[in-house]
>>> print(open('protein37.txt').read())   # compact mmCIF, N, CA and C atoms
# COMPACT_ATOMS: atom_id res chain seq x y z
N MET A 1 31.93 121.93 100.56
CA MET A 1 33.16 122.48 100.07
C MET A 1 34.31 121.84 100.85
N ALA A 2 35.36 121.52 100.17
CA ALA A 2 36.54 120.96 100.82
C ALA A 2 37.74 121.85 100.52
N ILE A 3 38.51 122.14 101.54
CA ILE A 3 39.71 122.95 101.38
C ILE A 3 40.88 122.12 101.89
N THR A 4 41.92 122.02 101.10
CA THR A 4 43.09 121.27 101.53
C THR A 4 44.17 122.23 101.99
N GLY A 5 45.03 121.74 102.83
CA GLY A 5 46.12 122.55 103.34
C GLY A 5 47.05 121.69 104.17
N TYR A 6 47.87 122.34 104.98
CA TYR A 6 48.81 121.59 105.81
C TYR A 6 49.05 122.34 107.12
N TYR A 7 49.52 121.63 108.10
CA TYR A 7 49.86 122.19 109.41
C TYR A 7 51.36 122.43 109.42
N ASP A 8 51.79 123.66 109.62
CA ASP A 8 53.21 123.97 109.58
C ASP A 8 53.89 123.91 110.94
N GLY A 9 53.20 123.37 111.94
CA GLY A 9 53.75 123.28 113.28
C GLY A 9 53.22 124.36 114.20
N THR A 10 52.69 125.42 113.62
CA THR A 10 52.14 126.53 114.39
C THR A 10 50.69 126.79 114.02
N SER A 11 50.40 126.78 112.73
CA SER A 11 49.04 127.08 112.26
C SER A 11 48.73 126.28 111.00
N ILE A 12 47.46 126.32 110.63
CA ILE A 12 47.01 125.63 109.42
C ILE A 12 47.19 126.55 108.23
N GLN A 13 47.86 126.08 107.20
CA GLN A 13 48.04 126.85 105.97
C GLN A 13 47.16 126.22 104.89
N THR A 14 46.27 127.02 104.31
CA THR A 14 45.38 126.51 103.27
C THR A 14 45.80 127.01 101.90
N LYS A 15 45.44 126.25 100.90
CA LYS A 15 45.75 126.65 99.52
C LYS A 15 44.66 127.55 98.96
N THR A 16 43.52 127.58 99.62
CA THR A 16 42.37 128.37 99.17
C THR A 16 41.95 129.29 100.31
N GLU A 17 41.54 130.48 99.97
CA GLU A 17 41.05 131.40 101.01
C GLU A 17 39.59 131.10 101.30
N PHE A 18 39.16 131.40 102.52
CA PHE A 18 37.75 131.28 102.88
C PHE A 18 37.38 132.42 103.79
N LYS A 19 36.08 132.58 104.06
CA LYS A 19 35.58 133.72 104.82
C LYS A 19 36.15 133.77 106.23
N THR A 20 36.33 134.99 106.74
CA THR A 20 36.76 135.19 108.12
C THR A 20 35.65 134.74 109.06
N ASN A 21 36.01 134.15 110.17
CA ASN A 21 35.07 133.65 111.18
C ASN A 21 34.17 132.52 110.65
N GLN A 22 34.61 131.83 109.65
CA GLN A 22 33.86 130.69 109.12
C GLN A 22 34.24 129.45 109.93
N LYS A 23 33.24 128.67 110.32
CA LYS A 23 33.52 127.43 111.04
C LYS A 23 34.17 126.43 110.10
N VAL A 24 35.13 125.69 110.60
CA VAL A 24 35.79 124.66 109.81
C VAL A 24 35.91 123.39 110.63
N ILE A 25 35.95 122.28 109.94
CA ILE A 25 36.21 120.98 110.56
C ILE A 25 37.52 120.48 109.96
N ILE A 26 38.45 120.16 110.81
CA ILE A 26 39.77 119.71 110.34
C ILE A 26 39.90 118.22 110.61
N ILE A 27 40.23 117.47 109.56
CA ILE A 27 40.41 116.03 109.67
C ILE A 27 41.86 115.72 109.30
N PRO A 28 42.68 115.35 110.28
CA PRO A 28 44.07 115.03 109.97
C PRO A 28 44.18 113.73 109.18
N VAL A 29 45.05 113.71 108.20
CA VAL A 29 45.28 112.52 107.39
C VAL A 29 46.78 112.30 107.27
N ASP A 30 47.16 111.08 106.95
CA ASP A 30 48.57 110.75 106.76
C ASP A 30 49.12 111.45 105.53
N ASP A 31 50.45 111.59 105.47
CA ASP A 31 51.08 112.24 104.33
C ASP A 31 50.83 111.51 103.02
N ASP A 32 50.69 110.19 103.07
CA ASP A 32 50.49 109.43 101.84
C ASP A 32 49.02 109.23 101.49
N PHE A 33 48.13 109.96 102.16
CA PHE A 33 46.69 109.85 101.93
C PHE A 33 46.33 110.41 100.56
N GLN A 34 45.52 109.66 99.80
CA GLN A 34 45.01 110.13 98.51
C GLN A 34 43.49 110.05 98.57
N MET A 35 42.83 111.17 98.32
CA MET A 35 41.38 111.21 98.38
C MET A 35 40.81 110.67 97.07
N ASN A 36 39.94 109.69 97.19
CA ASN A 36 39.24 109.13 96.03
C ASN A 36 37.80 109.60 96.06
N SER A 37 37.17 109.60 94.92
CA SER A 37 35.77 109.97 94.91
C SER A 37 34.95 108.85 95.53
N ALA A 38 33.77 109.19 96.04
CA ALA A 38 32.90 108.18 96.63
C ALA A 38 32.51 107.16 95.57
N GLU A 39 32.31 107.62 94.36
CA GLU A 39 31.93 106.72 93.27
C GLU A 39 32.98 105.64 93.07
N GLY A 40 34.24 106.03 93.05
CA GLY A 40 35.31 105.06 92.87
C GLY A 40 35.44 104.12 94.05
N SER A 41 35.24 104.65 95.26
CA SER A 41 35.35 103.83 96.46
C SER A 41 34.24 102.81 96.54
N LEU A 42 33.05 103.18 96.12
CA LEU A 42 31.90 102.29 96.23
C LEU A 42 31.77 101.34 95.05
N ALA A 43 32.54 101.55 94.00
CA ALA A 43 32.46 100.70 92.82
C ALA A 43 32.75 99.23 93.15
N ASP A 44 33.55 98.99 94.17
CA ASP A 44 33.87 97.62 94.56
C ASP A 44 32.63 96.86 95.03
N PHE A 45 31.63 97.58 95.52
CA PHE A 45 30.43 96.95 96.06
C PHE A 45 29.27 96.93 95.07
N ALA A 46 29.46 97.48 93.88
CA ALA A 46 28.38 97.58 92.89
C ALA A 46 28.03 96.21 92.33
N ASP A 47 26.76 96.02 92.09
CA ASP A 47 26.27 94.79 91.46
C ASP A 47 25.66 95.18 90.12
N PRO A 48 26.39 94.99 89.02
CA PRO A 48 25.91 95.43 87.71
C PRO A 48 24.55 94.84 87.32
N SER A 49 24.20 93.70 87.85
CA SER A 49 22.91 93.09 87.50
C SER A 49 21.73 93.88 88.06
N LEU A 50 21.96 94.75 89.05
CA LEU A 50 20.89 95.53 89.65
C LEU A 50 20.69 96.90 88.98
N ILE A 51 21.60 97.30 88.10
CA ILE A 51 21.52 98.62 87.48
C ILE A 51 20.20 98.85 86.75
N PRO A 52 19.69 97.88 85.97
CA PRO A 52 18.41 98.12 85.29
C PRO A 52 17.25 98.38 86.27
N MET A 53 17.31 97.81 87.46
CA MET A 53 16.25 98.00 88.45
C MET A 53 16.28 99.41 89.05
N GLU A 54 17.42 100.08 88.98
CA GLU A 54 17.54 101.41 89.58
C GLU A 54 16.70 102.45 88.84
N LYS A 55 16.42 102.20 87.58
CA LYS A 55 15.70 103.17 86.76
C LYS A 55 14.35 103.55 87.39
N ASP A 56 13.60 102.58 87.87
CA ASP A 56 12.27 102.83 88.42
C ASP A 56 12.22 102.62 89.93
N ALA A 57 13.34 102.57 90.60
CA ALA A 57 13.36 102.26 92.03
C ALA A 57 12.57 103.27 92.86
N TRP A 58 12.76 104.56 92.58
CA TRP A 58 12.07 105.58 93.38
C TRP A 58 10.56 105.47 93.18
N ARG A 59 10.12 105.33 91.93
CA ARG A 59 8.69 105.23 91.64
C ARG A 59 8.09 104.01 92.32
N ARG A 60 8.75 102.87 92.24
CA ARG A 60 8.23 101.65 92.87
C ARG A 60 8.15 101.81 94.38
N ALA A 61 9.15 102.44 94.98
CA ALA A 61 9.14 102.63 96.43
C ALA A 61 8.01 103.56 96.85
N ALA A 62 7.75 104.61 96.07
CA ALA A 62 6.66 105.55 96.39
C ALA A 62 5.31 104.86 96.27
N VAL A 63 5.13 104.05 95.24
CA VAL A 63 3.86 103.33 95.07
C VAL A 63 3.66 102.35 96.23
N LYS A 64 4.70 101.62 96.57
CA LYS A 64 4.59 100.65 97.66
C LYS A 64 4.27 101.33 98.98
N LYS A 65 4.90 102.48 99.24
CA LYS A 65 4.69 103.20 100.50
C LYS A 65 3.26 103.71 100.62
N HIS A 66 2.65 104.12 99.52
CA HIS A 66 1.34 104.74 99.56
C HIS A 66 0.20 103.83 99.11
N GLU A 67 0.44 102.55 99.05
CA GLU A 67 -0.64 101.60 98.70
C GLU A 67 -1.60 101.44 99.83
>>> encode(input="protein37.txt", output="structure tokens")
Amino acid sequence: MAITGYYDGTSIQTKTEFKTNQKVIIIPVDDDFQMNSAEGSLADFADPSLIPMEKDAWRRAAVKKHE
């Protein structure tokens, strides 16, 4: 789960409520930061010629491991 908010100089203000005493991890980002999906970020590294091989990749790896 991701919750966005801002620091007002005194405390963190969130746009969404969450449980009391819930642990949180705060990652500061620049004001001009735009979050992209992992899919969009990794698309630059995709090799379309390998997509057909992905269909049976898990099965082939399991067979190879247990031969």
>>> residues_around(input="protein37.txt", residues="Thr14 of chain A", least_positions_apart="2", cutoff="6.5 Å", atoms="all atoms listed in the file", output="PDB file with N, CA and C atoms, keeping the file's coordinate frame")
ATOM      1  N   ILE A   3      38.510 122.140 101.540  1.00  0.00           N
ATOM      2  CA  ILE A   3      39.710 122.950 101.380  1.00  0.00           C
ATOM      3  C   ILE A   3      40.880 122.120 101.890  1.00  0.00           C
ATOM      4  N   THR A   4      41.920 122.020 101.100  1.00  0.00           N
ATOM      5  CA  THR A   4      43.090 121.270 101.530  1.00  0.00           C
ATOM      6  C   THR A   4      44.170 122.230 101.990  1.00  0.00           C
ATOM      7  N   GLY A   5      45.030 121.740 102.830  1.00  0.00           N
ATOM      8  CA  GLY A   5      46.120 122.550 103.340  1.00  0.00           C
ATOM      9  C   GLY A   5      47.050 121.690 104.170  1.00  0.00           C
ATOM     10  N   TYR A   6      47.870 122.340 104.980  1.00  0.00           N
ATOM     11  CA  TYR A   6      48.810 121.590 105.810  1.00  0.00           C
ATOM     12  C   TYR A   6      49.050 122.340 107.120  1.00  0.00           C
ATOM     13  N   ILE A  12      47.460 126.320 110.630  1.00  0.00           N
ATOM     14  CA  ILE A  12      47.010 125.630 109.420  1.00  0.00           C
ATOM     15  C   ILE A  12      47.190 126.550 108.230  1.00  0.00           C
ATOM     16  N   THR A  16      43.520 127.580  99.620  1.00  0.00           N
ATOM     17  CA  THR A  16      42.370 128.370  99.170  1.00  0.00           C
ATOM     18  C   THR A  16      41.950 129.290 100.310  1.00  0.00           C
ATOM     19  N   GLU A  17      41.540 130.480  99.970  1.00  0.00           N
ATOM     20  CA  GLU A  17      41.050 131.400 101.010  1.00  0.00           C
ATOM     21  C   GLU A  17      39.590 131.100 101.300  1.00  0.00           C
TER      22      GLU A  17
END
>>> select_by_dssp(input="protein37.txt", residues="chain A", states="strand (DSSP E)", output="list in words")
Gly5, Tyr6, Tyr7, Ile12, Gln13 and Thr14 of chain A
>>> write_last_selection(input="protein37.txt", atoms="N, CA and C atoms", output="mmCIF file, in the coordinates of the input")
data_model
loop_
_atom_site.group_PDB
_atom_site.id
_atom_site.type_symbol
_atom_site.label_atom_id
_atom_site.label_comp_id
_atom_site.auth_asym_id
_atom_site.auth_seq_id
_atom_site.Cartn_x
_atom_site.Cartn_y
_atom_site.Cartn_z
ATOM 1 N N GLY A 5 45.030 121.740 102.830
ATOM 2 C CA GLY A 5 46.120 122.550 103.340
ATOM 3 C C GLY A 5 47.050 121.690 104.170
ATOM 4 N N TYR A 6 47.870 122.340 104.980
ATOM 5 C CA TYR A 6 48.810 121.590 105.810
ATOM 6 C C TYR A 6 49.050 122.340 107.120
ATOM 7 N N TYR A 7 49.520 121.630 108.100
ATOM 8 C CA TYR A 7 49.860 122.190 109.410
ATOM 9 C C TYR A 7 51.360 122.430 109.420
ATOM 10 N N ILE A 12 47.460 126.320 110.630
ATOM 11 C CA ILE A 12 47.010 125.630 109.420
ATOM 12 C C ILE A 12 47.190 126.550 108.230
ATOM 13 N N GLN A 13 47.860 126.080 107.200
ATOM 14 C CA GLN A 13 48.040 126.850 105.970
ATOM 15 C C GLN A 13 47.160 126.220 104.890
ATOM 16 N N THR A 14 46.270 127.020 104.310
ATOM 17 C CA THR A 14 45.380 126.510 103.270
ATOM 18 C C THR A 14 45.800 127.010 101.900
#
>>> atom_distance(input="protein37.txt", atom1="atom CA of Asp44 of chain A", atom2="atom CA of Ile27 of chain A")
24.7 Å
